[in-house]
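Notes to accompany the following structure.
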Amino acid sequence: MEQQTHKNKQTLSDCKSSQASAVPKSAGRRRPQISVPGYVEGILSGNRTTLSRAITLIESTRPDHQSLANEILEACIPHVKQAIRVGISGSPGVGKSTFIEAIGQEIIQQGNKVAVLAIDPSSSQSRGSILGDKTRMSKLGSHPEAFIRPSPAGTTLGGVARKTRETILLCEAAGFNYILIETVGVGQSEIAVHSMVDCFLLLLLPGAGDELQGIKRGIVEMADLVVVNKADGERVQLAKQARRAYKNAMHLFPAKQSGYITKVMTCSALESISIAEIHAEIKQYIHFIQANHFFETNRKTQRKYWLEESVRSLLLQFFKNNKAIAEIYPDIERQVIAGTLLPFQAAEQLMERLR
Ligand code: GDP
């Protein structure tokens, strides 16, 4: 089986092409159908081709694919082994892909298996703008112990986040014990990623002086580890200054619920400098929160959050599909947009229809 896994090694271009269609190739004519037990066996034995095909089912909008995906998930869930989930955030160009390429290899060298996923709300238009370029992470992408999957397409962040959360579970069932989730440093997607990881890492540039400028305060506040990247060549000094400035700025934030004091480090993802130290710091943080039980408390809080999010989105869907509501919704929406009706009053008027 292991041999087969290697032979069928998934490439980024596979990911891209499978993602490019709402109807997965895996369920099409060219590939033989796999039964649910076949999917489960393949995933549990770490076969990345089967894993990839199952994720394609999760991402599909076809109801038959979705129910197949649900059956696979249900069968896999009892076998999910606890992995370390790390979120990696930062503005475009800060070096996220380069960093993941470097730390991914470091993590593998220590005897682990790494899955790299992404959340990019803009990818619904651009079809996977992050992790979508197969020239990025080429070394990690071709490593037998790594699995890279671009951001799923979707119209809502909630939908994309759900697919990613289900993908995490399948990857964990397939034996990946590190899950790295990349996201762009712009707002809502950070909150979604923060709500599905154990450790949230923020990458920054050595732009000393401007301290926290340009980065949303809330994102820095969420970080369990801050890393100033590109600390190489002429930028070493600048990076050190930036590290000091960010370290001072950290005192301005309230203490973290985890009880851990956020470290600020420097690295060069390009030259693999201090990458091992960053991995060691992630492990130290995880040990700390496992020992004080924040790890499990946080996972429970996250599950509760996603239950509420799922109820919210299903209710909205149910609400909009209701005939009585659908009759008046467009008119009410128009009034709200025009500013002649307040949103809360509009919601109450709509609710009246259900009573
Ligand atoms: P992303 O958009 O955050 O994923 O950033 P990329 O990983 O694509 O990197 C953007 C650019 O910064 C690329 O040209 C990289 O080669 C470069 N880069 C990334 N990390 C480093 C680093 O540690 N040092 C230097 N000098 N350049 C880097």
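Ligands are numbered from 1 in the order shown, chains are lettered A, B, ... in the order of the structure tokens, and residues start at 1 in each chain.
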Find the residues near ligand 1. Use a cut-off of 6 Å, count only C-alpha atoms and all ligand atoms, and write them as a PyMOL selection string. chain A and resi 92-98+229-230+232+268-270
Each residue of stretch 192-292 of chain A with at least one atom at most 10 Å from stretch 303-307 of chain A should appear once, together with its nearest atom pair and the corresponding distance in Å (one decimal); atoms considered: only C-alpha atoms; ordering: chain, then increasing residue number; output as CSV.
residue,atom,partner,partner_atom,distance
A:Ala192,CA,A:Trp306,CA,9.5
A:Ser195,CA,A:Tyr305,CA,7.8
A:Met196,CA,A:Arg303,CA,8.6
Those residues you just picked out, can you put them in a file as a short mmCIF file (atom, residue, chain, number, x, y, z; two decimals), in the first residue's frame with C-alpha atoms?
data_model
loop_
_atom_site.label_atom_id
_atom_site.label_comp_id
_atom_site.auth_asym_id
_atom_site.auth_seq_id
_atom_site.Cartn_x
_atom_site.Cartn_y
_atom_site.Cartn_z
CA ALA A 192 -12.10 31.34 10.85
CA SER A 195 -11.14 29.01 15.37
CA MET A 196 -9.81 25.76 13.94
#
Can you tell me how far atom CA of A:Asp224 sits from atom CA of A:Arg312, in Å to one decimal? 28.3 Å
Could you write out, as a list in words, all the residues of stretch 24-64 of chain A that DSSP marks as alpha helix (DSSP H)?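 Put together, the selection reads Val36, Pro37, Gly38, Tyr39, Val40, Glu41, Gly42, Ile43, Leu44, Arg48, Thr49, Thr50, Leu51, Ser52, Arg53, Ala54, Ile55, Thr56, Leu57, Ile58, Glu59, Pro63 and Asp64 of chain A.
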Could you turn the residues from that selection into a file that holds C-alpha atoms, as a compact mmCIF listing (two decimals), in the first residue's frame?
# COMPACT_ATOMS: atom_id res chain seq x y z
CA VAL A 36 -17.38 3.99 0.86
CA PRO A 37 -15.38 1.17 2.54
CA GLY A 38 -12.84 1.53 -0.27
CA TYR A 39 -12.47 5.25 0.45
CA VAL A 40 -12.19 4.65 4.18
CA GLU A 41 -9.61 1.89 3.79
CA GLY A 42 -7.57 4.02 1.41
CA ILE A 43 -7.66 7.06 3.69
CA LEU A 44 -6.83 5.11 6.85
CA ARG A 48 -3.00 10.28 -0.74
CA THR A 49 -4.79 9.70 -4.03
CA THR A 50 -7.83 8.33 -2.22
CA LEU A 51 -7.60 11.14 0.35
CA SER A 52 -7.48 13.68 -2.45
CA ARG A 53 -10.52 12.17 -4.16
CA ALA A 54 -12.47 12.18 -0.89
CA ILE A 55 -11.63 15.86 -0.36
CA THR A 56 -12.86 16.55 -3.89
CA LEU A 57 -16.19 15.01 -2.83
CA ILE A 58 -16.27 17.29 0.23
CA GLU A 59 -15.69 20.27 -2.05
CA PRO A 63 -25.86 16.47 -3.41
CA ASP A 64 -24.85 12.85 -4.22
Two-atom distance - atom CA of A:Asp198, atom CA of A:Met137 (Å):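 Calculated distance between atom CA of A:Asp198 and atom CA of A:Met137 is 23.1 Å.
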Output as JSON lines one row per residue of stretch 66-95 of chain A within 9 Å of stretch 174-177 of chain A: the closest atom pair and its distance in Å to one decimal place, counting only C-alpha atoms, sorted by chain and residue number ascending.
{"residue": "A:Cys76", "atom": "CA", "partner": "A:Ala174", "partner_atom": "CA", "distance": 8.9}
{"residue": "A:His79", "atom": "CA", "partner": "A:Ala174", "partner_atom": "CA", "distance": 8.7}
{"residue": "A:Val80", "atom": "CA", "partner": "A:Ala174", "partner_atom": "CA", "distance": 7.9}
{"residue": "A:Lys81", "atom": "CA", "partner": "A:Gly175", "partner_atom": "CA", "distance": 7.1}
{"residue": "A:Gln82", "atom": "CA", "partner": "A:Asn177", "partner_atom": "CA", "distance": 7.0}
{"residue": "A:Ala83", "atom": "CA", "partner": "A:Asn177", "partner_atom": "CA", "distance": 4.2}
{"residue": "A:Ile84", "atom": "CA", "partner": "A:Asn177", "partner_atom": "CA", "distance": 6.1}
{"residue": "A:Arg85", "atom": "CA", "partner": "A:Asn177", "partner_atom": "CA", "distance": 8.3}
Quick one: residues within 8 Å of stretch 277-279 of chain A, only C-alpha atoms counted, chain neighbours fewer than 3 positions away excluded, as a VMD selection string? chain A and resid 103 106 to 107 265 274 282 to 283
Could you state the separation of atom CA of A:Val236 and atom CA of A:Thr266 in Å, given to one decimal place? 8.8 Å
Write out as a list in words each polymer residue whose atoms come within 12 Å of A:Tyr285, counting only C-alpha atoms; drop sequence neighbours fewer than 2 positions from it.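 Here the answer would be Ile84, Val86, Asp198, Cys199, Phe200, Leu201, Ala223, Asp224, Leu225, Ser258, Gly259, Tyr260, Ile261, Thr262, Lys263, Ile278, His279, Ala280, Glu281, Ile282, Lys283, His287, Phe288, Ile289, Gln290, Ala291, Asn292, Phe294 and Phe295 of chain A.
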Need to verify the contact set: stretch 143-146 of chain A, 8 Å, only C-alpha atoms, exclusion of same-chain residues closer than 4 positions in sequence. Can you return it as a short mmCIF file (atom, residue, chain, number, x, y, z; two decimals) with C-alpha atoms, in the first residue's frame?
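Result file is result_29.cif:
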data_model
loop_
_atom_site.label_atom_id
_atom_site.label_comp_id
_atom_site.auth_asym_id
_atom_site.auth_seq_id
_atom_site.Cartn_x
_atom_site.Cartn_y
_atom_site.Cartn_z
CA HIS A 6 4.33 6.78 -3.43
CA LYS A 9 2.04 10.81 -5.26
CA GLY A 104 7.18 21.68 6.55
CA ILE A 108 9.04 15.99 8.38
CA ASN A 112 6.18 13.69 11.22
CA LYS A 113 3.67 13.82 8.37
CA VAL A 114 2.44 17.25 7.25
CA ALA A 115 -0.74 18.33 5.51
CA VAL A 116 -0.93 21.91 4.20
CA LYS A 139 10.10 20.57 -2.53
#
